[in-house]
file my_file.pdb (PDB, C-alpha atoms, pLDDT in the B column)
ATOM      1  CA  MET A 766       0.000   0.000   0.000  1.00 48.00           C
ATOM      2  CA  SER A 767       1.533   3.341  -1.002  1.00 86.00           C
ATOM      3  CA  LEU A 768      -1.264   5.747  -0.108  1.00 97.00           C
ATOM      4  CA  LEU A 769      -3.953   5.554   2.560  1.00 98.00           C
ATOM      5  CA  CYS A 770      -6.834   7.929   3.243  1.00 98.00           C
ATOM      6  CA  THR A 771      -8.134   8.454   6.773  1.00 98.00           C
ATOM      7  CA  ILE A 772     -11.385  10.205   7.661  1.00 98.00           C
ATOM      8  CA  CYS A 773     -12.272  10.784  11.312  1.00 96.00           C
ATOM      9  CA  ALA A 774     -15.708  11.792  12.613  1.00 94.00           C
ATOM     10  CA  ARG A 775     -17.187  11.876  16.106  1.00 89.00           C
ATOM     11  CA  GLY A 776     -20.722  10.841  16.828  1.00 85.00           C
ATOM     12  CA  GLY A 777     -21.340  13.878  19.006  1.00 70.00           C
ATOM     13  CA  SER A 778     -21.404  17.483  17.810  1.00 66.00           C
ATOM     14  CA  LYS A 779     -22.254  20.627  19.746  1.00 63.00           C
ATOM     15  CA  GLY A 780     -22.267  23.224  16.930  1.00 61.00           C
ATOM     16  CA  VAL A 781     -24.498  21.305  14.503  1.00 73.00           C
ATOM     17  CA  VAL A 782     -26.115  18.268  16.115  1.00 72.00           C
ATOM     18  CA  GLY A 783     -25.536  15.077  14.124  1.00 85.00           C
ATOM     19  CA  LYS A 784     -23.789  17.015  11.358  1.00 91.00           C
ATOM     20  CA  ASN A 785     -21.583  14.152  10.148  1.00 94.00           C
ATOM     21  CA  ALA A 786     -24.624  12.062   9.207  1.00 93.00           C
ATOM     22  CA  ARG A 787     -26.898  14.958   8.274  1.00 95.00           C
ATOM     23  CA  ASP A 788     -28.413  14.794   4.804  1.00 96.00           C
ATOM     24  CA  LEU A 789     -26.622  17.042   2.332  1.00 97.00           C
ATOM     25  CA  LEU A 790     -28.224  17.015  -1.117  1.00 96.00           C
ATOM     26  CA  GLY A 791     -29.326  13.418  -0.818  1.00 96.00           C
ATOM     27  CA  LYS A 792     -26.453  11.805   1.036  1.00 96.00           C
ATOM     28  CA  PRO A 793     -24.874  12.103   4.481  1.00 97.00           C
ATOM     29  CA  VAL A 794     -22.159  14.708   4.959  1.00 97.00           C
ATOM     30  CA  LEU A 795     -19.559  12.003   5.563  1.00 97.00           C
ATOM     31  CA  ALA A 796     -20.227  10.423   2.160  1.00 98.00           C
ATOM     32  CA  TRP A 797     -18.912  13.486   0.303  1.00 98.00           C
ATOM     33  CA  SER A 798     -15.360  13.045   1.579  1.00 98.00           C
ATOM     34  CA  ILE A 799     -15.402   9.320   0.858  1.00 98.00           C
ATOM     35  CA  ALA A 800     -16.594   9.978  -2.689  1.00 98.00           C
ATOM     36  CA  GLN A 801     -13.884  12.615  -3.231  1.00 98.00           C
ATOM     37  CA  ALA A 802     -11.194  10.219  -2.010  1.00 98.00           C
ATOM     38  CA  ARG A 803     -12.502   7.540  -4.388  1.00 98.00           C
ATOM     39  CA  GLU A 804     -12.593  10.003  -7.285  1.00 98.00           C
ATOM     40  CA  THR A 805      -8.860  10.720  -6.991  1.00 98.00           C
ATOM     41  CA  GLY A 806      -7.933   7.104  -7.708  1.00 97.00           C
ATOM     42  CA  LEU A 807      -4.954   7.595  -5.386  1.00 97.00           C
ATOM     43  CA  PHE A 808      -5.782   5.391  -2.463  1.00 98.00           C
ATOM     44  CA  ASP A 809      -5.288   1.713  -1.832  1.00 96.00           C
ATOM     45  CA  ALA A 810      -7.746   1.982   1.043  1.00 97.00           C
ATOM     46  CA  ILE A 811      -9.999   4.479   2.807  1.00 98.00           C
ATOM     47  CA  ALA A 812     -10.184   4.099   6.586  1.00 98.00           C
ATOM     48  CA  PHE A 813     -13.026   5.725   8.516  1.00 98.00           C
ATOM     49  CA  SER A 814     -12.724   6.280  12.262  1.00 97.00           C
ATOM     50  CA  SER A 815     -15.548   7.037  14.681  1.00 95.00           C
ATOM     51  CA  ASP A 816     -16.797   6.347  18.168  1.00 93.00           C
ATOM     52  CA  SER A 817     -20.270   5.893  16.630  1.00 93.00           C
ATOM     53  CA  ASP A 818     -21.324   2.514  15.237  1.00 95.00           C
ATOM     54  CA  ALA A 819     -24.004   4.264  13.180  1.00 95.00           C
ATOM     55  CA  LEU A 820     -21.417   6.500  11.506  1.00 96.00           C
ATOM     56  CA  LEU A 821     -19.115   3.539  10.867  1.00 97.00           C
ATOM     57  CA  ASP A 822     -21.975   1.637   9.201  1.00 97.00           C
ATOM     58  CA  ALA A 823     -22.872   4.690   7.104  1.00 97.00           C
ATOM     59  CA  ALA A 824     -19.231   5.097   6.056  1.00 98.00           C
ATOM     60  CA  LEU A 825     -18.957   1.489   4.900  1.00 98.00           C
ATOM     61  CA  LYS A 826     -22.172   1.879   2.923  1.00 98.00           C
ATOM     62  CA  ALA A 827     -20.736   5.047   1.366  1.00 97.00           C
ATOM     63  CA  GLY A 828     -17.635   3.216   0.166  1.00 97.00           C
ATOM     64  CA  ALA A 829     -15.071   3.207   2.992  1.00 98.00           C
ATOM     65  CA  ASP A 830     -12.897   0.083   3.104  1.00 98.00           C
ATOM     66  CA  ILE A 831     -11.929  -0.024   6.775  1.00 98.00           C
ATOM     67  CA  ALA A 832     -13.993   0.825   9.862  1.00 97.00           C
ATOM     68  CA  VAL A 833     -11.978   1.857  12.913  1.00 97.00           C
ATOM     69  CA  LYS A 834     -13.733   2.148  16.275  1.00 96.00           C
ATOM     70  CA  ARG A 835     -12.314   5.168  18.059  1.00 92.00           C
ATOM     71  CA  PRO A 836     -11.726   4.868  21.826  1.00 88.00           C
ATOM     72  CA  ASP A 837     -14.116   6.971  23.900  1.00 81.00           C
ATOM     73  CA  GLU A 838     -11.280   9.033  25.410  1.00 82.00           C
ATOM     74  CA  MET A 839     -10.376  10.218  21.894  1.00 81.00           C
ATOM     75  CA  ALA A 840     -13.946  11.300  21.153  1.00 76.00           C
ATOM     76  CA  THR A 841     -14.660  13.880  23.855  1.00 77.00           C
ATOM     77  CA  ASP A 842     -15.360  17.563  23.191  1.00 78.00           C
ATOM     78  CA  THR A 843     -11.865  18.451  24.417  1.00 78.00           C
ATOM     79  CA  ALA A 844      -9.908  15.622  22.801  1.00 80.00           C
ATOM     80  CA  PRO A 845      -7.325  16.756  20.212  1.00 89.00           C
ATOM     81  CA  LYS A 846      -7.601  15.305  16.721  1.00 92.00           C
ATOM     82  CA  LEU A 847      -4.018  14.146  16.122  1.00 95.00           C
ATOM     83  CA  PRO A 848      -4.239  11.135  18.490  1.00 95.00           C
ATOM     84  CA  ALA A 849      -7.443  10.024  16.718  1.00 95.00           C
ATOM     85  CA  ILE A 850      -5.762  10.331  13.319  1.00 97.00           C
ATOM     86  CA  ARG A 851      -2.752   8.360  14.539  1.00 97.00           C
ATOM     87  CA  HIS A 852      -5.016   5.685  16.033  1.00 97.00           C
ATOM     88  CA  CYS A 853      -6.874   5.365  12.722  1.00 97.00           C
ATOM     89  CA  LEU A 854      -3.605   5.113  10.799  1.00 98.00           C
ATOM     90  CA  GLU A 855      -2.180   2.481  13.141  1.00 97.00           C
ATOM     91  CA  GLN A 856      -5.383   0.428  13.069  1.00 97.00           C
ATOM     92  CA  ALA A 857      -5.487   0.563   9.264  1.00 97.00           C
ATOM     93  CA  ILE A 858      -1.882  -0.636   9.122  1.00 97.00           C
ATOM     94  CA  ALA A 859      -2.709  -3.457  11.551  1.00 96.00           C
ATOM     95  CA  GLN A 860      -5.790  -4.523   9.581  1.00 95.00           C
ATOM     96  CA  THR A 861      -4.086  -4.474   6.180  1.00 94.00           C
ATOM     97  CA  GLY A 862      -0.638  -5.638   7.262  1.00 94.00           C
ATOM     98  CA  LYS A 863       0.872  -2.913   5.066  1.00 94.00           C
ATOM     99  CA  THR A 864       2.452   0.419   5.910  1.00 96.00           C
ATOM    100  CA  PRO A 865       1.846   3.189   3.370  1.00 97.00           C
ATOM    101  CA  GLU A 866       4.500   5.737   2.484  1.00 97.00           C
ATOM    102  CA  ILE A 867       2.007   8.621   2.517  1.00 98.00           C
ATOM    103  CA  PHE A 868      -1.403   9.118   4.064  1.00 98.00           C
ATOM    104  CA  VAL A 869      -4.036  11.802   3.611  1.00 98.00           C
ATOM    105  CA  ASP A 870      -6.534  12.837   6.266  1.00 98.00           C
ATOM    106  CA  LEU A 871      -9.743  14.475   5.047  1.00 98.00           C
ATOM    107  CA  ASP A 872     -11.908  16.550   7.372  1.00 97.00           C
ATOM    108  CA  VAL A 873     -15.426  15.153   7.115  1.00 96.00           C
ATOM    109  CA  THR A 874     -17.012  18.589   7.556  1.00 96.00           C
ATOM    110  CA  SER A 875     -15.256  20.095   4.514  1.00 97.00           C
ATOM    111  CA  PRO A 876     -17.345  18.709   1.636  1.00 98.00           C
ATOM    112  CA  LEU A 877     -16.637  21.629  -0.718  1.00 98.00           C
ATOM    113  CA  ARG A 878     -13.148  20.421  -1.639  1.00 98.00           C
ATOM    114  CA  LEU A 879     -12.586  18.877  -5.064  1.00 98.00           C
ATOM    115  CA  ALA A 880     -10.760  15.672  -5.860  1.00 98.00           C
ATOM    116  CA  SER A 881      -8.214  17.855  -7.646  1.00 98.00           C
ATOM    117  CA  ASP A 882      -7.446  19.601  -4.339  1.00 98.00           C
ATOM    118  CA  ILE A 883      -6.500  16.237  -2.855  1.00 98.00           C
ATOM    119  CA  THR A 884      -4.314  15.224  -5.809  1.00 98.00           C
ATOM    120  CA  GLY A 885      -2.723  18.687  -5.820  1.00 98.00           C
ATOM    121  CA  ALA A 886      -1.818  18.505  -2.139  1.00 98.00           C
ATOM    122  CA  VAL A 887      -0.297  15.035  -2.588  1.00 98.00           C
ATOM    123  CA  ALA A 888       1.659  16.228  -5.636  1.00 98.00           C
ATOM    124  CA  LEU A 889       3.039  19.155  -3.611  1.00 98.00           C
ATOM    125  CA  LEU A 890       4.238  16.762  -0.902  1.00 98.00           C
ATOM    126  CA  ARG A 891       6.007  14.575  -3.440  1.00 98.00           C
ATOM    127  CA  GLU A 892       7.548  17.460  -5.381  1.00 98.00           C
ATOM    128  CA  SER A 893       8.723  19.381  -2.340  1.00 98.00           C
ATOM    129  CA  GLY A 894      10.075  16.445  -0.339  1.00 97.00           C
ATOM    130  CA  ALA A 895       8.400  17.957   2.745  1.00 98.00           C
ATOM    131  CA  ARG A 896       7.191  15.900   5.669  1.00 98.00           C
ATOM    132  CA  ASN A 897       3.656  17.211   5.366  1.00 98.00           C
ATOM    133  CA  VAL A 898       1.281  19.529   3.537  1.00 98.00           C
ATOM    134  CA  ILE A 899      -1.655  21.462   4.953  1.00 98.00           C
ATOM    135  CA  THR A 900      -4.342  23.409   3.100  1.00 98.00           C
ATOM    136  CA  GLY A 901      -5.605  26.942   3.474  1.00 98.00           C
ATOM    137  CA  ALA A 902      -7.282  29.885   1.787  1.00 98.00           C
ATOM    138  CA  PRO A 903      -5.909  33.424   1.462  1.00 96.00           C
ATOM    139  CA  ALA A 904      -6.641  35.278   4.707  1.00 95.00           C
ATOM    140  CA  ARG A 905      -9.051  38.211   4.612  1.00 91.00           C
ATOM    141  CA  ARG A 906      -7.063  40.029   7.286  1.00 90.00           C
ATOM    142  CA  SER A 907      -3.293  40.362   7.650  1.00 90.00           C
ATOM    143  CA  PRO A 908      -1.709  40.070  11.120  1.00 92.00           C
ATOM    144  CA  TYR A 909       0.848  42.661   9.921  1.00 91.00           C
ATOM    145  CA  PHE A 910      -1.713  45.203   8.791  1.00 85.00           C
ATOM    146  CA  ASN A 911      -5.303  44.913  10.073  1.00 86.00           C
ATOM    147  CA  LEU A 912      -5.648  41.863  12.362  1.00 91.00           C
ATOM    148  CA  VAL A 913      -5.471  42.959  15.985  1.00 94.00           C
ATOM    149  CA  GLU A 914      -5.162  41.238  19.347  1.00 95.00           C
ATOM    150  CA  GLN A 915      -6.642  42.394  22.640  1.00 96.00           C
ATOM    151  CA  ARG A 916      -4.154  42.574  25.491  1.00 95.00           C
ATOM    152  CA  THR A 917      -4.931  41.700  29.113  1.00 96.00           C
ATOM    153  CA  ASP A 918      -5.399  45.397  29.943  1.00 97.00           C
ATOM    154  CA  GLY A 919      -8.066  45.735  27.234  1.00 97.00           C
ATOM    155  CA  SER A 920      -5.908  47.643  24.745  1.00 97.00           C
ATOM    156  CA  VAL A 921      -5.389  46.321  21.218  1.00 96.00           C
ATOM    157  CA  GLY A 922      -2.526  46.181  18.769  1.00 93.00           C
ATOM    158  CA  LEU A 923      -1.481  44.443  15.584  1.00 91.00           C
ATOM    159  CA  SER A 924      -0.997  40.709  15.968  1.00 93.00           C
ATOM    160  CA  LYS A 925       2.438  40.868  14.312  1.00 91.00           C
ATOM    161  CA  SER A 926       4.866  43.729  14.063  1.00 88.00           C
ATOM    162  CA  ALA A 927       7.413  44.467  11.361  1.00 86.00           C
ATOM    163  CA  ASP A 928      10.389  46.787  11.126  1.00 86.00           C
ATOM    164  CA  PRO A 929       9.789  49.068   9.352  1.00 87.00           C
ATOM    165  CA  PRO A 930       6.008  48.939   9.935  1.00 85.00           C
ATOM    166  CA  ILE A 931       3.882  47.700   7.030  1.00 84.00           C
ATOM    167  CA  THR A 932       1.441  50.354   5.881  1.00 81.00           C
ATOM    168  CA  ARG A 933      -0.044  48.595   2.832  1.00 81.00           C
ATOM    169  CA  ARG A 934      -1.637  45.163   2.820  1.00 79.00           C
ATOM    170  CA  GLN A 935       0.054  44.468  -0.515  1.00 82.00           C
ATOM    171  CA  ASP A 936       3.466  44.761   1.156  1.00 85.00           C
ATOM    172  CA  ALA A 937       2.707  42.203   3.887  1.00 87.00           C
ATOM    173  CA  PRO A 938       3.796  38.552   3.613  1.00 90.00           C
ATOM    174  CA  ARG A 939       1.065  36.312   2.224  1.00 93.00           C
ATOM    175  CA  CYS A 940      -1.077  34.895   5.032  1.00 94.00           C
ATOM    176  CA  PHE A 941      -3.603  32.077   4.942  1.00 96.00           C
ATOM    177  CA  ASP A 942      -6.534  30.784   6.962  1.00 96.00           C
ATOM    178  CA  MET A 943      -6.027  27.088   7.637  1.00 97.00           C
ATOM    179  CA  ASN A 944      -9.166  25.384   6.375  1.00 97.00           C
ATOM    180  CA  ALA A 945      -8.388  21.950   7.912  1.00 95.00           C
ATOM    181  CA  SER A 946      -9.738  20.346   4.741  1.00 98.00           C
ATOM    182  CA  ILE A 947      -6.768  18.189   3.730  1.00 98.00           C
ATOM    183  CA  TYR A 948      -3.665  17.038   5.578  1.00 98.00           C
ATOM    184  CA  VAL A 949      -0.970  15.019   3.811  1.00 98.00           C
ATOM    185  CA  TRP A 950       1.789  13.331   5.798  1.00 98.00           C
ATOM    186  CA  ARG A 951       4.682  11.036   5.151  1.00 98.00           C
ATOM    187  CA  VAL A 952       3.900   8.136   7.440  1.00 98.00           C
ATOM    188  CA  ALA A 953       7.327   7.514   9.003  1.00 97.00           C
ATOM    189  CA  PRO A 954       7.904  11.013  10.432  1.00 97.00           C
ATOM    190  CA  PHE A 955       4.252  11.274  11.503  1.00 98.00           C
ATOM    191  CA  LEU A 956       4.418   8.063  13.507  1.00 97.00           C
ATOM    192  CA  GLU A 957       7.696   9.199  15.053  1.00 97.00           C
ATOM    193  CA  GLN A 958       6.389  12.662  15.924  1.00 97.00           C
ATOM    194  CA  PRO A 959       2.745  13.470  15.098  1.00 97.00           C
ATOM    195  CA  ALA A 960       2.480  17.177  14.322  1.00 97.00           C
ATOM    196  CA  VAL A 961       0.678  19.656  12.098  1.00 98.00           C
ATOM    197  CA  PHE A 962       3.727  21.874  11.687  1.00 98.00           C
ATOM    198  CA  TYR A 963       7.274  20.734  10.961  1.00 98.00           C
ATOM    199  CA  PRO A 964      10.168  22.960   9.873  1.00 98.00           C
ATOM    200  CA  ASP A 965       9.475  22.037   6.231  1.00 98.00           C
ATOM    201  CA  THR A 966       5.644  22.086   6.220  1.00 98.00           C
ATOM    202  CA  ARG A 967       4.128  23.307   2.949  1.00 98.00           C
ATOM    203  CA  LEU A 968       0.697  24.794   2.199  1.00 98.00           C
ATOM    204  CA  PHE A 969      -1.549  23.923  -0.739  1.00 98.00           C
ATOM    205  CA  GLU A 970      -3.719  26.914  -1.539  1.00 98.00           C
ATOM    206  CA  MET A 971      -7.474  26.499  -1.974  1.00 98.00           C
ATOM    207  CA  PRO A 972     -10.039  29.204  -2.762  1.00 97.00           C
ATOM    208  CA  GLU A 973     -12.377  30.528  -0.102  1.00 96.00           C
ATOM    209  CA  ASP A 974     -15.445  28.973  -1.750  1.00 96.00           C
ATOM    210  CA  ARG A 975     -13.973  25.493  -1.243  1.00 97.00           C
ATOM    211  CA  SER A 976     -12.731  26.150   2.294  1.00 97.00           C
ATOM    212  CA  ILE A 977     -15.865  26.415   4.419  1.00 96.00           C
ATOM    213  CA  ASP A 978     -15.874  24.030   7.378  1.00 95.00           C
ATOM    214  CA  ILE A 979     -19.295  23.090   8.750  1.00 95.00           C
ATOM    215  CA  ASP A 980     -19.271  24.344  12.319  1.00 92.00           C
ATOM    216  CA  SER A 981     -22.676  26.033  12.519  1.00 93.00           C
ATOM    217  CA  ASP A 982     -26.098  25.953  10.897  1.00 94.00           C
ATOM    218  CA  LEU A 983     -25.078  28.978   8.826  1.00 95.00           C
ATOM    219  CA  ASP A 984     -22.008  27.095   7.557  1.00 96.00           C
ATOM    220  CA  PHE A 985     -24.235  24.166   6.616  1.00 96.00           C
ATOM    221  CA  ALA A 986     -26.600  26.435   4.687  1.00 96.00           C
ATOM    222  CA  LEU A 987     -23.686  28.044   2.815  1.00 97.00           C
ATOM    223  CA  VAL A 988     -22.163  24.665   1.947  1.00 97.00           C
ATOM    224  CA  GLU A 989     -25.520  23.379   0.720  1.00 97.00           C
ATOM    225  CA  LEU A 990     -26.003  26.494  -1.424  1.00 97.00           C
ATOM    226  CA  LEU A 991     -22.540  26.272  -2.997  1.00 97.00           C
ATOM    227  CA  LEU A 992     -22.861  22.541  -3.702  1.00 97.00           C
ATOM    228  CA  ARG A 993     -26.274  23.093  -5.260  1.00 95.00           C
ATOM    229  CA  GLN A 994     -24.801  25.748  -7.555  1.00 94.00           C
ATOM    230  CA  ARG A 995     -22.269  23.206  -8.822  1.00 91.00           C
ATOM    231  CA  GLN A 996     -24.937  20.793  -9.963  1.00 84.00           C
ATOM    232  CA  PRO A 997     -25.747  20.875 -13.685  1.00 79.00           C
ATOM    233  CA  GLY A 998     -29.080  22.303 -14.750  1.00 65.00           C
TER     234      GLY A 998
END

call {"tool": "encode", "arguments": {"input": "my_file.pdb", "output": "structure tokens"}}
result
Amino acid sequence: MSLLCTICARGGSKGVVGKNARDLLGKPVLAWSIAQARETGLFDAIAFSSDSDALLDAALKAGADIAVKRPDEMATDTAPKLPAIRHCLEQAIAQTGKTPEIFVDLDVTSPLRLASDITGAVALLRESGARNVITGAPARRSPYFNLVEQRTDGSVGLSKSADPPITRRQDAPRCFDMNASIYVWRVAPFLEQPAVFYPDTRLFEMPEDRSIDIDSDLDFALVELLLRQRQPG
């Protein structure tokens, strides 16, 4: 196995209740990511991780190859995602008996991505030789120019300073909003030290209209609208 796809989804959700299984234009939200992974033709297997048996069953019906039951302690509201991703990867390796060179994790609540975004992020990893690739969209605000932080005394100031000060947005370094849509890792360094940022991390740029993460009912409505606009006719 050279490439593996992991998709992790909790059964519980505070922002949008049941969002991972919620119907989105005729199929559950989770099915969109599985379909996009299939469309790339890159993966030897797609592993789906969840603490919910219902979500695992839905994922298998949607085309996932491997169902990984996530431990309860990795599925709380405060649990970080990296341990769940690593658990899914390790369980997929154990079930298949093969260790991939590269794996891709897709966020289940980012159904606006295209298959070409996934293949592009993987290509960037291979071409750059980096340990991992993340995805993001151009930031609307620059920390050097018009993004401010509030200090403990209530005063505010720019999030990042420069010398000399930057007075035009066009002169500021390019900044991006992480959209958490796609993560690509080389397996060996990830298993040795799971991290989102390494010294050589690269970013694959995606447009804003493919970067919305479903975290509220408004997000869901926007995603549904944009997906509907893509449909022919």

call {"tool": "resolve_selection", "arguments": {"input": "my_file.pdb", "expression": "the PyMOL selection byres ((chain A and resi 886) around 8)", "output": "list of chain:residue names"}}
result
A:Asp882, A:Ile883, A:Thr884, A:Gly885, A:Val887, A:Ala888, A:Leu889, A:Leu890, A:Val898, A:Ile899, A:Thr900, A:Ile947, A:Val949, A:Phe969

call {"tool": "resolve_selection", "arguments": {"input": "my_file.pdb", "expression": "the PyMOL selection byres ((chain A and resi 812) around 8)", "output": "ChimeraX atom specification"}}
result
/A:769-772,810-811,813-814,829-833,853-854,857

call {"tool": "closest_residue", "arguments": {"input": "my_file.pdb", "among": "A:Asp974, A:Pro908, A:His852, A:Ala986", "to": "Thr932 of chain A", "atoms": "only C-alpha atoms"}}
result
A:Pro908

call {"tool": "closest_atom_pairs", "arguments": {"input": "my_file.pdb", "of": "segment 854-919 of chain A", "to": "segment 785-809 of chain A", "cutoff": "12 Å", "atoms": "all atoms listed in the file", "output": "CSV"}}
result
residue,atom,partner,partner_atom,distance
A:Ala857,CA,A:Asp809,CA,11.2
A:Ile858,CA,A:Asp809,CA,11.7
A:Thr861,CA,A:Asp809,CA,10.2
A:Lys863,CA,A:Asp809,CA,10.3
A:Thr864,CA,A:Asp809,CA,11.0
A:Pro865,CA,A:Asp809,CA,9.0
A:Glu866,CA,A:Phe808,CA,11.4
A:Ile867,CA,A:Phe808,CA,9.8
A:Phe868,CA,A:Phe808,CA,8.7
A:Val869,CA,A:Phe808,CA,9.0
A:Asp870,CA,A:Ala802,CA,9.9
A:Leu871,CA,A:Ser798,CA,6.8
A:Asp872,CA,A:Ser798,CA,7.6
A:Val873,CA,A:Leu795,CA,5.4
A:Thr874,CA,A:Asn785,CA,6.9
A:Ser875,CA,A:Ser798,CA,7.6
A:Pro876,CA,A:Trp797,CA,5.6
A:Leu877,CA,A:Trp797,CA,8.5
A:Arg878,CA,A:Gln801,CA,8.0
A:Leu879,CA,A:Gln801,CA,6.7
A:Ala880,CA,A:Gln801,CA,5.1
A:Ser881,CA,A:Thr805,CA,7.2
A:Asp882,CA,A:Thr805,CA,9.4
A:Ile883,CA,A:Thr805,CA,7.3
A:Thr884,CA,A:Thr805,CA,6.5
A:Gly885,CA,A:Thr805,CA,10.1
A:Ala886,CA,A:Thr805,CA,11.6
A:Val887,CA,A:Leu807,CA,9.2
A:Ala888,CA,A:Leu807,CA,10.9

call {"tool": "atom_distance", "arguments": {"input": "my_file.pdb", "atom1": "atom CA of Arg995 of chain A", "atom2": "atom CA of Leu820 of chain A"}}
result
26.3 Å

call {"tool": "closest_residue", "arguments": {"input": "my_file.pdb", "among": "A:Tyr909, A:Asp918, A:Gly901, A:Arg951", "to": "Glu973 of chain A", "atoms": "all atoms listed in the file"}}
result
A:Gly901

call {"tool": "closest_residue", "arguments": {"input": "my_file.pdb", "among": "A:Cys773, A:Met971, A:Leu991, A:Val921", "to": "Leu847 of chain A", "atoms": "all atoms listed in the file"}}
result
A:Cys773

call {"tool": "axis_aligned_box", "arguments": {"input": "my_file.pdb", "around": "segment 986-998 of chain A", "padding_each_side": "4 Å", "output": "AutoDock Vina command-line options"}}
result
--center_x -25.6 --center_y 24.4 --center_z -5.0 --size_x 14.9 --size_y 15.3 --size_z 27.4

call {"tool": "closest_residue", "arguments": {"input": "my_file.pdb", "among": "A:Gly776, A:Pro930, A:Pro845, A:Pro836", "to": "Leu821 of chain A", "atoms": "all atoms listed in the file"}}
result
A:Gly776

call {"tool": "closest_residue", "arguments": {"input": "my_file.pdb", "among": "A:Leu923, A:Ala827, A:Val782, A:Ala895", "to": "Arg967 of chain A", "atoms": "only C-alpha atoms"}}
result
A:Ala895

call {"tool": "atom_distance", "arguments": {"input": "my_file.pdb", "atom1": "atom CA of Met839 of chain A", "atom2": "atom CA of Pro959 of chain A"}}
result
15.1 Å

call {"tool": "residues_around", "arguments": {"input": "my_file.pdb", "residues": "Arg939 of chain A", "least_positions_apart": "4", "cutoff": "12 Å", "atoms": "only C-alpha atoms", "output": "ChimeraX atom specification"}}
result
/A:901-910,934-935,968,970

call {"tool": "closest_residue", "arguments": {"input": "my_file.pdb", "among": "A:Gln994, A:Asn897, A:Thr841, A:Thr966", "to": "Ala953 of chain A", "atoms": "only C-alpha atoms"}}
result
A:Asn897

call {"tool": "build_atoms", "arguments": {"input": "my_file.pdb", "residues": "segment 804-820 of chain A", "atoms": "N, CA and C atoms", "output": "compact mmCIF listing (two decimals), keeping the file's coordinate frame"}}
result
# COMPACT_ATOMS: atom_id res chain seq x y z
N GLU A 804 -12.72 9.36 -5.98
CA GLU A 804 -12.59 10.00 -7.28
C GLU A 804 -11.14 10.24 -7.67
N THR A 805 -10.27 10.45 -6.68
CA THR A 805 -8.86 10.72 -6.99
C THR A 805 -8.17 9.51 -7.61
N GLY A 806 -8.61 8.31 -7.26
CA GLY A 806 -7.93 7.10 -7.71
C GLY A 806 -6.57 6.90 -7.07
N LEU A 807 -6.27 7.65 -6.01
CA LEU A 807 -4.95 7.60 -5.39
C LEU A 807 -4.80 6.48 -4.36
N PHE A 808 -5.90 6.12 -3.72
CA PHE A 808 -5.78 5.39 -2.46
C PHE A 808 -6.00 3.89 -2.60
N ASP A 809 -5.12 3.16 -1.91
CA ASP A 809 -5.29 1.71 -1.83
C ASP A 809 -6.40 1.34 -0.86
N ALA A 810 -6.67 2.23 0.09
CA ALA A 810 -7.75 1.98 1.04
C ALA A 810 -8.18 3.30 1.67
N ILE A 811 -9.44 3.34 2.08
CA ILE A 811 -10.00 4.48 2.81
C ILE A 811 -10.44 3.96 4.17
N ALA A 812 -9.85 4.51 5.22
CA ALA A 812 -10.18 4.10 6.59
C ALA A 812 -11.02 5.18 7.26
N PHE A 813 -12.12 4.78 7.85
CA PHE A 813 -13.03 5.72 8.52
C PHE A 813 -13.04 5.41 10.00
N SER A 814 -12.79 6.44 10.81
CA SER A 814 -12.72 6.28 12.26
C SER A 814 -13.85 7.03 12.93
N SER A 815 -14.50 6.38 13.90
CA SER A 815 -15.55 7.04 14.68
C SER A 815 -15.81 6.27 15.97
N ASP A 816 -16.33 7.00 16.95
CA ASP A 816 -16.80 6.35 18.17
C ASP A 816 -18.22 5.85 18.01
N SER A 817 -18.86 6.22 16.87
CA SER A 817 -20.27 5.89 16.63
C SER A 817 -20.41 4.72 15.67
N ASP A 818 -21.08 3.67 16.12
CA ASP A 818 -21.32 2.51 15.24
C ASP A 818 -22.20 2.91 14.05
N ALA A 819 -23.13 3.82 14.27
CA ALA A 819 -24.00 4.26 13.18
C ALA A 819 -23.20 4.97 12.09
N LEU A 820 -22.25 5.82 12.49
CA LEU A 820 -21.42 6.50 11.51
C LEU A 820 -20.50 5.52 10.78
